[in-house]
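**Student:** Please find one structure pasted underneath; my questions will follow.
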Amino acid sequence: MSLRQIWIVDFGSQYTQLITRKSRELGFSSEIITVKKARDLFSEGKKPKALVLSGGPQSVFEDENDYSFILDQVDLPILGVCYGMQLMGKYFGGTVEKGTIGEYGHASLNFQNNFSIDGVPTSINVWMSHSDHITKLPDDFELVMSSHNGLVAAIKHNTRPVLGLQFHPEVEHSTHGKDILNYFFKDIAGLEVDWSATEMLDEAKQLVKGVEKSNVLCAFSGGVDSLVAATLAHEVIGDNLYCFFVDHGLLRPQDYHHIETLKNETQLNIEILNVKDEFLSKLAGKSDPEEKRKTIGKTFIEVFEKKVHEYESERGIKFDYLLQGTLYPDVIESISPHEEDGKSVTIKSHHNVGGLPERMKLKLLEPLRYLFKDEVRQMGEKLGLAYEWTHRHPFPGPGIGIRVLGELTAERILKVQHSDQILFEELTKANLYNSTWQALTVLLPVKTVGVKGDARAYEEVICLRMVNSSDGMTATWTDMPHEFLSKVSARITNEVKGVTRVVYDITSKPPGTIEWE
């Protein structure tokens, strides 16, 4: 991967990923790096066209590290966000104090000293998350925004291309946040647009080139990530790609239809491994969520290992690479910004295989590892994949295994499969499928009294869960029309055997999670 024109130095903010997302949405290439990597790159004589110092949980009063190697770069455009602005204030000789008044959540700001940004009103609402703040501006800096509390909200250097923001322009809660970022990248840093779907596709193909003569194994779920990764790889290596789809018995009716559609309408070599009985026998009696996840992951590995050995012994085909749909957030989450050596990079397994054992001696092939989910969807469309394929709702690797709360039995799994299909059908009929980011049903481990056919019923409960999100990191429950919810509830209680009651989960993330287990 070539170096991006924007480097985002990560100090541990929960929002750092969003800076990268927003800069790319604006058309500017960017990457997140550790302080150690930044120091190494500068020592090698490499520099970005612009640099962002992210927010972080620590305090400038506790951080004794020297960041002069960055801030001494006179001609380098630098944006400091929250903690990054406090570092700048301290370095340039201003006064930073521990806050007696913290600012958390929504705050209103006013522009100061005739400062303006095209298309942005002089009074805006933003997202704050800090207690330390600048009380005395450094020399050669001007106050350009202040909060409703009278605190310094943004500062700008008089001669150098340096801007500091105490708030988080990268989060959705900050109105005109993207406009403010664009102002820094375009007007202060003078950057030119260099990031598009074409650029993403060309770069991803470069990651696949060089393995054309190798046999590649793909753990294929049919989801957006694995489908785009497989389609991309197939364009480069052709029939040397082998896609194995594991039917573990924890799938939804729509998944079976989707896989059959992909087998018929794409050039991918997809082999379905029917191992339902094997999974259910090993999951029998297990109700603890973590134990279920581990059992499913371990069984996945055993299934794949057996299949690989079968191909080697019976067909003489030896696999060299494992194709994964690893995304950039997976990579970022595995990098600790506080590691002194900056080398704590271990890619997490976010596919439904859970990582294959080292003894299989497979190298990883991850053509999507520098992309976000929305970028992968764009790439899928660029590759000519159908919109309904690239915009399917996310579905977890353990499948219904974590949507049946309590013990997994064939009867209880069927209740979720049946109810999920009803929800899917009604979303599609009402043209509401794309109105929610993810929709699912959960079987709760409780029974309630009801009435069916003039008789008392004592049956289980299905919970509907629908949320909106951009990346799954945070989510809000989807406010669906009452008529729609009523129809889904009526169908489930009438058509799903053993279900008397339907409830709707209106918990956002946080404090809840999207899945129940």
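FYI, nothing fancy with the structure tokens labels: chains A, B, ... in order, residues from 1 per chain, ligands from 1 as they appear.
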Based on DSSP run over this structure's backbone, return all residues of range 189-243 of chain A in helix (DSSP H, G or I), as a list in words.

**Tutor:**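 The helix (DSSP H, G or I) residues within range 189-243 of chain A come out as Ala197, Thr198, Glu199, Met200, Leu201, Asp202, Glu203, Ala204, Lys205, Gln206, Leu207, Val208, Val224, Asp225, Ser226, Leu227, Val228, Ala229, Ala230, Thr231, Leu232, Ala233, His234, Glu235, Val236, Ile237, Gly238, Asp239 and Asn240 of chain A.
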
**Student:** Produce a file of the selected residues containing N, CA and C atoms, as a compact mmCIF listing (two decimals), in the first residue's frame.

**Tutor:**
# COMPACT_ATOMS: atom_id res chain seq x y z
N ALA A 197 -14.00 5.23 -5.93
CA ALA A 197 -14.26 3.80 -6.08
C ALA A 197 -13.26 3.17 -7.04
N THR A 198 -12.86 3.90 -8.08
CA THR A 198 -11.88 3.39 -9.03
C THR A 198 -10.53 3.19 -8.37
N GLU A 199 -10.12 4.17 -7.56
CA GLU A 199 -8.85 4.09 -6.83
C GLU A 199 -8.87 2.90 -5.87
N MET A 200 -9.98 2.71 -5.17
CA MET A 200 -10.09 1.60 -4.22
C MET A 200 -9.96 0.26 -4.93
N LEU A 201 -10.65 0.13 -6.06
CA LEU A 201 -10.64 -1.13 -6.79
C LEU A 201 -9.26 -1.45 -7.33
N ASP A 202 -8.59 -0.46 -7.90
CA ASP A 202 -7.25 -0.67 -8.44
C ASP A 202 -6.27 -1.10 -7.35
N GLU A 203 -6.38 -0.47 -6.19
CA GLU A 203 -5.47 -0.80 -5.09
C GLU A 203 -5.73 -2.20 -4.55
N ALA A 204 -7.01 -2.56 -4.43
CA ALA A 204 -7.35 -3.89 -3.93
C ALA A 204 -6.85 -4.97 -4.88
N LYS A 205 -6.95 -4.71 -6.18
CA LYS A 205 -6.46 -5.69 -7.16
C LYS A 205 -4.94 -5.87 -7.04
N GLN A 206 -4.25 -4.80 -6.72
CA GLN A 206 -2.80 -4.89 -6.55
C GLN A 206 -2.44 -5.84 -5.41
N LEU A 207 -3.30 -5.89 -4.38
CA LEU A 207 -3.05 -6.77 -3.25
C LEU A 207 -3.22 -8.24 -3.62
N VAL A 208 -3.99 -8.49 -4.69
CA VAL A 208 -4.25 -9.87 -5.11
C VAL A 208 -3.23 -10.33 -6.16
N VAL A 224 -21.65 -9.38 2.28
CA VAL A 224 -21.05 -8.36 1.42
C VAL A 224 -19.53 -8.52 1.34
N ASP A 225 -18.88 -8.66 2.48
CA ASP A 225 -17.42 -8.69 2.52
C ASP A 225 -16.85 -9.89 1.77
N SER A 226 -17.36 -11.09 2.07
CA SER A 226 -16.81 -12.27 1.41
C SER A 226 -17.16 -12.30 -0.08
N LEU A 227 -18.35 -11.81 -0.44
CA LEU A 227 -18.75 -11.79 -1.84
C LEU A 227 -17.87 -10.84 -2.65
N VAL A 228 -17.64 -9.63 -2.14
CA VAL A 228 -16.81 -8.66 -2.86
C VAL A 228 -15.37 -9.14 -2.93
N ALA A 229 -14.85 -9.68 -1.83
CA ALA A 229 -13.47 -10.18 -1.82
C ALA A 229 -13.32 -11.32 -2.82
N ALA A 230 -14.28 -12.23 -2.85
CA ALA A 230 -14.21 -13.37 -3.76
C ALA A 230 -14.34 -12.93 -5.21
N THR A 231 -15.26 -12.01 -5.49
CA THR A 231 -15.45 -11.52 -6.87
C THR A 231 -14.20 -10.82 -7.37
N LEU A 232 -13.61 -10.01 -6.51
CA LEU A 232 -12.37 -9.31 -6.86
C LEU A 232 -11.24 -10.30 -7.13
N ALA A 233 -11.08 -11.27 -6.23
CA ALA A 233 -10.01 -12.27 -6.39
C ALA A 233 -10.23 -13.10 -7.65
N HIS A 234 -11.48 -13.44 -7.93
CA HIS A 234 -11.78 -14.25 -9.11
C HIS A 234 -11.39 -13.53 -10.39
N GLU A 235 -11.55 -12.21 -10.43
CA GLU A 235 -11.16 -11.45 -11.61
C GLU A 235 -9.66 -11.57 -11.88
N VAL A 236 -8.88 -11.79 -10.82
CA VAL A 236 -7.42 -11.87 -10.96
C VAL A 236 -6.94 -13.30 -11.12
N ILE A 237 -7.47 -14.24 -10.31
CA ILE A 237 -6.93 -15.61 -10.31
C ILE A 237 -7.86 -16.63 -10.93
N GLY A 238 -9.10 -16.25 -11.28
CA GLY A 238 -9.99 -17.15 -11.98
C GLY A 238 -10.36 -18.40 -11.20
N ASP A 239 -10.28 -19.55 -11.87
CA ASP A 239 -10.74 -20.81 -11.29
C ASP A 239 -9.84 -21.37 -10.20
N ASN A 240 -8.76 -20.68 -9.90
CA ASN A 240 -7.91 -21.13 -8.78
C ASN A 240 -8.50 -20.72 -7.43

**Student:** What's around Leu364 in chain A at 9 Å? Count only C-alpha atoms, leave out sequence neighbours fewer than 4 positions away in its own chain, and write the answer as an mmCIF file with C-alpha atoms, in the first residue's frame.

**Tutor:**
data_model
loop_
_atom_site.group_PDB
_atom_site.id
_atom_site.type_symbol
_atom_site.label_atom_id
_atom_site.label_comp_id
_atom_site.auth_asym_id
_atom_site.auth_seq_id
_atom_site.Cartn_x
_atom_site.Cartn_y
_atom_site.Cartn_z
ATOM 1 C CA ASP A 320 -1.593 -21.679 -0.580
ATOM 2 C CA TYR A 321 -3.790 -18.776 0.598
ATOM 3 C CA LEU A 322 -6.849 -18.137 2.731
ATOM 4 C CA LEU A 323 -8.979 -15.317 1.316
ATOM 5 C CA GLN A 324 -10.635 -13.214 4.035
#

**Student:** If you run DSSP on this backbone, which residues of range 142-281 of chain A come out as strand (DSSP E), and could you give them as a PyMOL selection string?

**Tutor:** chain A and resi 142-147+152-157+162-165+216-219+241-247+270-274

**Student:** Of the candidates A:Arg377, A:His106, A:Arg369, A:Arg465, which shows the shortest atom-to-atom distance to Asp505 in chain A, using only C-alpha atoms?

**Tutor:**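 Smallest distance to Asp505 in chain A is found for A:Arg465.
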
**Student:** Within 7 Å of range 28-42 of chain A, counting only C-alpha atoms, which residues show up once you throw out same-chain ones fewer than 3 positions away? Write them as number ranges by chain, please.

**Tutor:** A: 4-10, 20, 23-24, 45-47, 193-195, 337, 340-342

**Student:** Could you tell me which of A:Glu170, A:Glu517, A:Asp132, A:Asp179 comes closest to Gly401 in chain A if we count only C-alpha atoms?

**Tutor:**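 Distance minimum relative to Gly401 in chain A lands on A:Glu517.
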